>>> print(open('entry_23.csv').read())   # CSV, C-alpha atoms
chain,number,residue,atom,x,y,z
A,1,ASP,CA,0.0,0.0,0.0
A,2,ALA,CA,1.5,3.3,-1.1
A,3,GLY,CA,-0.4,5.3,1.4
A,4,VAL,CA,-2.1,8.7,0.7
A,5,ILE,CA,-0.3,10.3,-2.2
A,6,GLN,CA,-0.3,14.0,-2.7
A,7,SER,CA,1.1,16.1,-5.5
A,8,PRO,CA,2.9,18.4,-5.9
A,9,ARG,CA,5.0,18.2,-2.8
A,10,HIS,CA,6.1,21.8,-3.3
A,11,GLU,CA,4.5,24.6,-5.3
A,12,VAL,CA,5.7,28.2,-5.7
A,13,THR,CA,3.5,30.5,-7.6
A,14,GLU,CA,2.7,34.2,-7.9
A,15,MET,CA,-0.3,35.9,-6.5
A,16,GLY,CA,-3.3,35.7,-8.7
A,17,GLN,CA,-2.4,32.3,-10.3
A,18,GLU,CA,-4.5,29.2,-10.0
A,19,VAL,CA,-3.3,26.4,-7.8
A,20,THR,CA,-4.4,22.8,-8.0
A,21,LEU,CA,-3.4,20.3,-5.3
A,22,ARG,CA,-4.1,16.6,-5.9
A,23,CYS,CA,-4.7,13.7,-3.6
A,24,LYS,CA,-5.0,9.9,-4.1
A,25,PRO,CA,-6.5,8.3,-1.0
A,26,ILE,CA,-5.7,4.7,0.2
A,27,SER,CA,-7.7,2.2,-1.9
A,28,GLY,CA,-10.8,1.2,0.0
A,29,HIS,CA,-11.0,4.3,2.2
A,30,ASN,CA,-14.2,6.1,1.7
A,31,SER,CA,-13.6,9.3,3.7
A,32,LEU,CA,-11.2,12.0,2.6
A,33,PHE,CA,-10.2,15.1,4.4
A,34,TRP,CA,-8.3,18.3,3.4
A,35,TYR,CA,-6.4,20.1,6.1
A,36,ARG,CA,-4.3,23.3,6.1
A,37,GLN,CA,-1.4,23.8,8.4
A,38,THR,CA,0.1,27.2,9.2
A,39,MET,CA,2.2,28.5,12.1
A,40,MET,CA,-0.5,30.9,13.1
A,41,ARG,CA,-3.6,28.7,12.9
A,42,GLY,CA,-2.2,25.2,13.3
A,43,LEU,CA,-4.1,22.4,11.6
A,44,GLU,CA,-7.5,23.4,10.2
A,45,LEU,CA,-10.0,21.1,8.6
A,46,LEU,CA,-11.0,22.6,5.3
A,47,ILE,CA,-13.4,20.1,3.9
A,48,TYR,CA,-14.2,16.4,4.0
A,49,PHE,CA,-15.9,13.9,1.8
A,50,ASN,CA,-17.7,10.6,2.5
A,51,ASN,CA,-18.3,8.3,-0.5
A,52,ASN,CA,-17.2,11.2,-2.8
A,53,VAL,CA,-19.8,13.6,-1.4
A,54,PRO,CA,-18.8,16.7,0.5
A,55,ILE,CA,-20.1,16.5,4.0
A,56,ASP,CA,-18.7,19.6,5.7
A,57,ASP,CA,-17.0,22.5,3.9
A,58,SER,CA,-17.4,25.0,6.7
A,59,GLY,CA,-13.7,25.3,7.0
A,60,MET,CA,-13.1,26.4,3.5
A,61,PRO,CA,-11.8,30.0,3.9
A,62,GLU,CA,-13.7,31.7,1.0
A,63,ASP,CA,-15.0,31.3,-2.5
A,64,ARG,CA,-11.5,31.2,-3.9
A,65,PHE,CA,-11.2,27.7,-2.5
A,66,SER,CA,-13.0,24.7,-4.0
A,67,ALA,CA,-12.6,21.0,-3.7
A,68,LYS,CA,-13.9,18.1,-5.7
A,69,MET,CA,-13.9,14.3,-5.5
A,70,PRO,CA,-15.0,13.0,-8.9
A,71,ASN,CA,-14.3,9.4,-7.9
A,72,ALA,CA,-13.1,7.3,-5.0
A,73,SER,CA,-9.5,7.5,-5.9
A,74,PHE,CA,-8.9,11.1,-6.6
A,75,SER,CA,-9.6,14.6,-5.1
A,76,THR,CA,-8.5,18.1,-5.9
A,77,LEU,CA,-8.2,21.3,-3.9
A,78,LYS,CA,-8.2,24.4,-6.1
A,79,ILE,CA,-7.3,28.0,-5.1
A,80,GLN,CA,-8.2,30.6,-7.7
A,81,PRO,CA,-6.9,33.3,-7.5
A,82,SER,CA,-4.2,32.5,-5.0
A,83,GLU,CA,-3.0,35.1,-2.4
A,84,PRO,CA,0.1,35.2,-0.3
A,85,ARG,CA,-1.9,34.4,2.8
A,86,ASP,CA,-2.7,31.0,1.3
A,87,SER,CA,0.9,30.0,1.8
A,88,ALA,CA,0.7,26.9,4.0
A,89,VAL,CA,1.2,23.1,4.0
A,90,TYR,CA,-2.0,21.4,2.7
A,91,PHE,CA,-2.6,17.8,3.9
A,92,CYS,CA,-4.9,15.2,2.5
A,93,ALA,CA,-6.0,12.3,4.7
A,94,SER,CA,-8.2,9.3,4.2
A,95,ARG,CA,-10.1,6.9,6.5
A,96,GLN,CA,-12.1,3.8,6.1
A,97,GLY,CA,-15.7,4.3,7.3
A,98,LEU,CA,-17.6,7.1,9.0
A,99,GLY,CA,-16.8,6.2,12.5
A,100,GLY,CA,-14.6,8.4,14.7
A,101,ALA,CA,-12.7,5.4,16.0
A,102,ASN,CA,-11.2,4.8,12.6
A,103,VAL,CA,-7.8,6.3,12.1
A,104,LEU,CA,-6.9,8.9,9.6
A,105,THR,CA,-3.9,8.3,7.4
A,106,PHE,CA,-2.2,11.4,6.2
A,107,GLY,CA,-0.2,12.2,3.1
A,108,ALA,CA,3.1,13.9,3.2
A,109,GLY,CA,1.6,17.3,2.4
A,110,SER,CA,1.9,19.9,-0.3
A,111,ARG,CA,3.8,23.0,0.6
A,112,LEU,CA,2.4,26.0,-1.1
A,113,THR,CA,4.2,29.4,-1.4
A,114,VAL,CA,2.4,32.3,-3.0
A,115,LEU,CA,4.6,35.2,-3.7
B,1,ALA,CA,-18.9,21.2,20.7
B,2,GLN,CA,-15.7,19.3,21.2
B,3,SER,CA,-12.4,21.2,21.2
B,4,VAL,CA,-8.8,20.4,22.2
B,5,THR,CA,-6.3,22.5,24.2
B,6,GLN,CA,-2.6,21.7,24.3
B,7,LEU,CA,-1.3,23.6,27.2
B,8,ASP,CA,2.4,23.9,26.0
B,9,SER,CA,3.4,25.1,22.6
B,10,GLN,CA,7.0,24.1,23.2
B,11,VAL,CA,8.6,21.6,25.5
B,12,PRO,CA,12.4,21.3,25.7
B,13,VAL,CA,13.9,18.3,27.6
B,14,PHE,CA,17.2,16.5,27.9
B,15,GLU,CA,17.8,13.2,26.3
B,16,GLU,CA,16.8,10.2,28.5
B,17,ALA,CA,14.6,12.5,30.7
B,18,PRO,CA,10.9,11.8,31.1
B,19,VAL,CA,8.4,14.0,29.3
B,20,GLU,CA,4.7,14.8,29.6
B,21,LEU,CA,2.8,16.6,26.9
B,22,ARG,CA,-0.5,18.0,28.2
B,23,CYS,CA,-3.9,17.8,26.4
B,24,ASN,CA,-7.3,18.8,27.7
B,25,TYR,CA,-10.6,18.4,25.8
B,26,SER,CA,-14.0,19.8,26.1
B,27,SER,CA,-17.0,17.5,25.5
B,28,SER,CA,-20.2,16.6,27.1
B,29,VAL,CA,-20.4,13.2,25.5
B,30,SER,CA,-18.2,10.2,25.1
B,31,VAL,CA,-15.2,10.9,22.9
B,32,TYR,CA,-12.5,9.2,20.9
B,33,LEU,CA,-9.0,10.7,21.6
B,34,PHE,CA,-5.9,10.5,19.6
B,35,TRP,CA,-2.2,11.6,19.6
B,36,TYR,CA,-0.5,12.1,16.3
B,37,VAL,CA,3.2,12.9,15.7
B,38,GLN,CA,4.7,15.0,12.9
B,39,TYR,CA,8.4,14.6,12.1
B,40,PRO,CA,10.0,17.5,10.2
B,41,ASN,CA,8.7,17.8,6.6
B,42,GLN,CA,6.4,14.8,7.0
B,43,GLY,CA,2.7,14.2,7.4
B,44,LEU,CA,1.1,13.2,10.7
B,45,GLN,CA,1.3,9.6,12.0
B,46,LEU,CA,-0.8,8.0,14.6
B,47,LEU,CA,0.9,7.5,18.0
B,48,LEU,CA,-2.0,6.1,19.9
B,49,LYS,CA,-5.7,6.3,20.4
B,50,TYR,CA,-8.3,5.9,23.2
B,51,LEU,CA,-11.7,4.5,22.2
B,52,SER,CA,-12.9,2.8,25.4
B,53,GLY,CA,-11.8,0.4,28.1
B,54,SER,CA,-8.5,0.8,29.9
B,55,THR,CA,-7.7,4.4,30.6
B,56,LEU,CA,-4.0,3.8,30.0
B,57,VAL,CA,-3.2,3.5,26.4
B,58,LYS,CA,0.1,2.4,25.0
B,59,GLY,CA,1.4,3.5,21.6
B,60,ILE,CA,4.4,3.3,19.3
B,61,ASN,CA,7.9,4.3,20.2
B,62,GLY,CA,7.4,3.9,23.9
B,63,PHE,CA,4.7,6.5,24.3
B,64,GLU,CA,1.6,6.1,26.5
B,65,ALA,CA,-1.3,8.3,27.4
B,66,GLU,CA,-3.8,8.3,30.2
B,67,PHE,CA,-7.5,9.2,29.7
B,68,ASN,CA,-8.9,11.0,32.7
B,69,LYS,CA,-12.6,11.6,32.4
B,70,SER,CA,-13.0,13.7,35.5
B,71,GLN,CA,-10.2,16.1,34.5
B,72,THR,CA,-11.0,15.8,30.8
B,73,SER,CA,-7.4,15.2,30.0
B,74,PHE,CA,-5.4,12.9,27.8
B,75,HIS,CA,-1.8,13.6,28.6
B,76,LEU,CA,1.0,11.9,26.6
B,77,ARG,CA,4.1,10.5,28.5
B,78,LYS,CA,7.3,8.8,27.8
B,79,PRO,CA,9.7,7.7,30.6
B,80,SER,CA,12.9,8.3,28.6
B,81,VAL,CA,13.1,10.3,25.4
B,82,HIS,CA,15.6,10.1,22.6
B,83,ILE,CA,16.9,12.6,20.1
B,84,SER,CA,14.7,10.9,17.5
B,85,ASP,CA,11.6,11.9,19.4
B,86,THR,CA,12.1,15.5,18.3
B,87,ALA,CA,8.9,16.3,16.5
B,88,GLU,CA,5.6,18.1,16.8
B,89,TYR,CA,2.8,16.3,18.7
B,90,PHE,CA,-0.9,16.8,18.2
B,91,CYS,CA,-3.8,15.8,20.4
B,92,ALA,CA,-7.1,15.3,18.6
B,93,VAL,CA,-10.7,14.5,19.4
B,94,SER,CA,-13.4,13.1,17.2
B,95,ARG,CA,-16.3,15.4,16.6
B,96,THR,CA,-19.7,14.4,15.1
B,97,PHE,CA,-21.1,16.4,12.2
B,98,GLN,CA,-24.1,15.3,10.2
B,99,GLY,CA,-23.7,11.7,11.2
B,100,ALA,CA,-20.0,11.5,10.4
B,101,GLN,CA,-17.1,12.1,12.7
B,102,LYS,CA,-14.2,14.4,11.9
B,103,LEU,CA,-11.0,15.0,13.7
B,104,VAL,CA,-10.3,18.3,15.5
B,105,PHE,CA,-6.7,18.9,16.4
B,106,GLY,CA,-5.1,20.9,19.1
B,107,GLN,CA,-2.5,23.6,18.3
B,108,GLY,CA,0.4,21.2,18.7
B,109,THR,CA,3.4,20.9,21.1
B,110,ARG,CA,6.9,21.0,19.7
B,111,LEU,CA,9.1,18.6,21.6
B,112,THR,CA,12.8,19.4,21.4
B,113,ILE,CA,15.3,16.9,22.8
B,114,ASN,CA,18.7,18.3,23.9
B,115,PRO,CA,21.7,16.1,24.2
>>> encode(input="entry_23.csv", output="structure tokens")
Amino acid sequence: DAGVIQSPRHEVTEMGQEVTLRCKPISGHNSLFWYRQTMMRGLELLIYFNNNVPIDDSGMPEDRFSAKMPNASFSTLKIQPSEPRDSAVYFCASRQGLGGANVLTFGAGSRLTVL
Amino acid sequence: AQSVTQLDSQVPVFEEAPVELRCNYSSSVSVYLFWYVQYPNQGLQLLLKYLSGSTLVKGINGFEAEFNKSQTSFHLRKPSVHISDTAEYFCAVSRTFQGAQKLVFGQGTRLTINP
């Protein structure tokens, strides 16, 4: 099992550009989470999906952020247009089942720098 | 609502000394509690979890945590730390939203081991 795979690992872009982060969850996991990590705010849950359906997007900062999960093996987090304050590490995590006892497995993260 | 407070943002200790990382949660219902570790430039990994039963939970790398319902605490301990334990540690609680459970993290505690 290759674990949760995120790409790109590092992204440097200029303000105003579109950024797309990608995630492949562990096969068989039906819940997927997007987190953002910054020094100031720590780990924030942006959005999560169950069976490809968004359940809670209350953590998405604003309309510039959007997330999709077209199938069970792929999800994207898009920022358009990007701003310097979006600079952070973005983590994707997946879990089998809806229960809180089930463990989240995290990807290695995508480090985004917006100049 | 469930939330998590990690009382120390940074904890420096000497190698082979014991360490305790503190975590308090707020919840009026039964909870699932977790400790995750993040090594530099990596994603989060599960250290241990409390679901039910024995209040003393043992995890990987010699860590253990004790669930204390009366004090709403879930402190992490290790009797003798190594340089390799240098990392950031996150306490987390499961929170129910629309029938599914998501993980809410504390702000993290950076553990630094000095030789």
>>> closest_residue(input="entry_23.csv", among="B:Ser73, B:Val37, B:Gly43, B:Ile113", to="Gly59 (chain B)", atoms="all atoms listed in the file")
B:Val37
>>> atom_distance(input="entry_23.csv", atom1="CA of Leu21 (chain A)", atom2="CA of Asn50 (chain A)")
19.0 Å
>>> residues_around(input="entry_23.csv", residues="region 105-107 of chain A", least_positions_apart="2", cutoff="6 Å", atoms="all atoms listed in the file", output="ChimeraX atom specification")
/A:4-5,92-94,109 /B:43-44
>>> interface_residues(input="entry_23.csv", of="chain A", to="chain B", cutoff="9 Å", atoms="all atoms listed in the file", output="list in words")
Phe33, Arg41, Gly42, Leu43, Glu44, Leu45, Tyr48, Asn50, Ile55, Asp56, Phe91, Gly97, Leu98, Gly99, Gly100, Ala101, Val103, Leu104, Thr105, Phe106, Gly107, Ala108 and Gly109 of chain A
>>> residues_around(input="entry_23.csv", residues="Asn52 (chain A)", least_positions_apart="4", cutoff="12 Å", atoms="all atoms listed in the file", output="VMD selection string")
chain A and resid 25 29 to 33 47 to 48 67 to 76 94
>>> atom_distance(input="entry_23.csv", atom1="CA of Asp86 (chain A)", atom2="CA of Asn24 (chain B)")
29.4 Å
>>> residues_around(input="entry_23.csv", residues="region 7-21 of chain B", least_positions_apart="3", cutoff="9 Å", atoms="all atoms listed in the file", output="list in words")
Asn24, His75, Leu76, Arg77, Lys78, Pro79, Ser80, Val81, His82, Ile83, Glu88, Tyr89, Gln107, Gly108, Thr109, Arg110, Leu111, Thr112, Ile113, Asn114 and Pro115 of chain B
>>> closest_residue(input="entry_23.csv", among="A:Glu18, A:Arg85, A:His10, A:Leu115", to="Met40 (chain A)", atoms="only C-alpha atoms")
A:Arg85
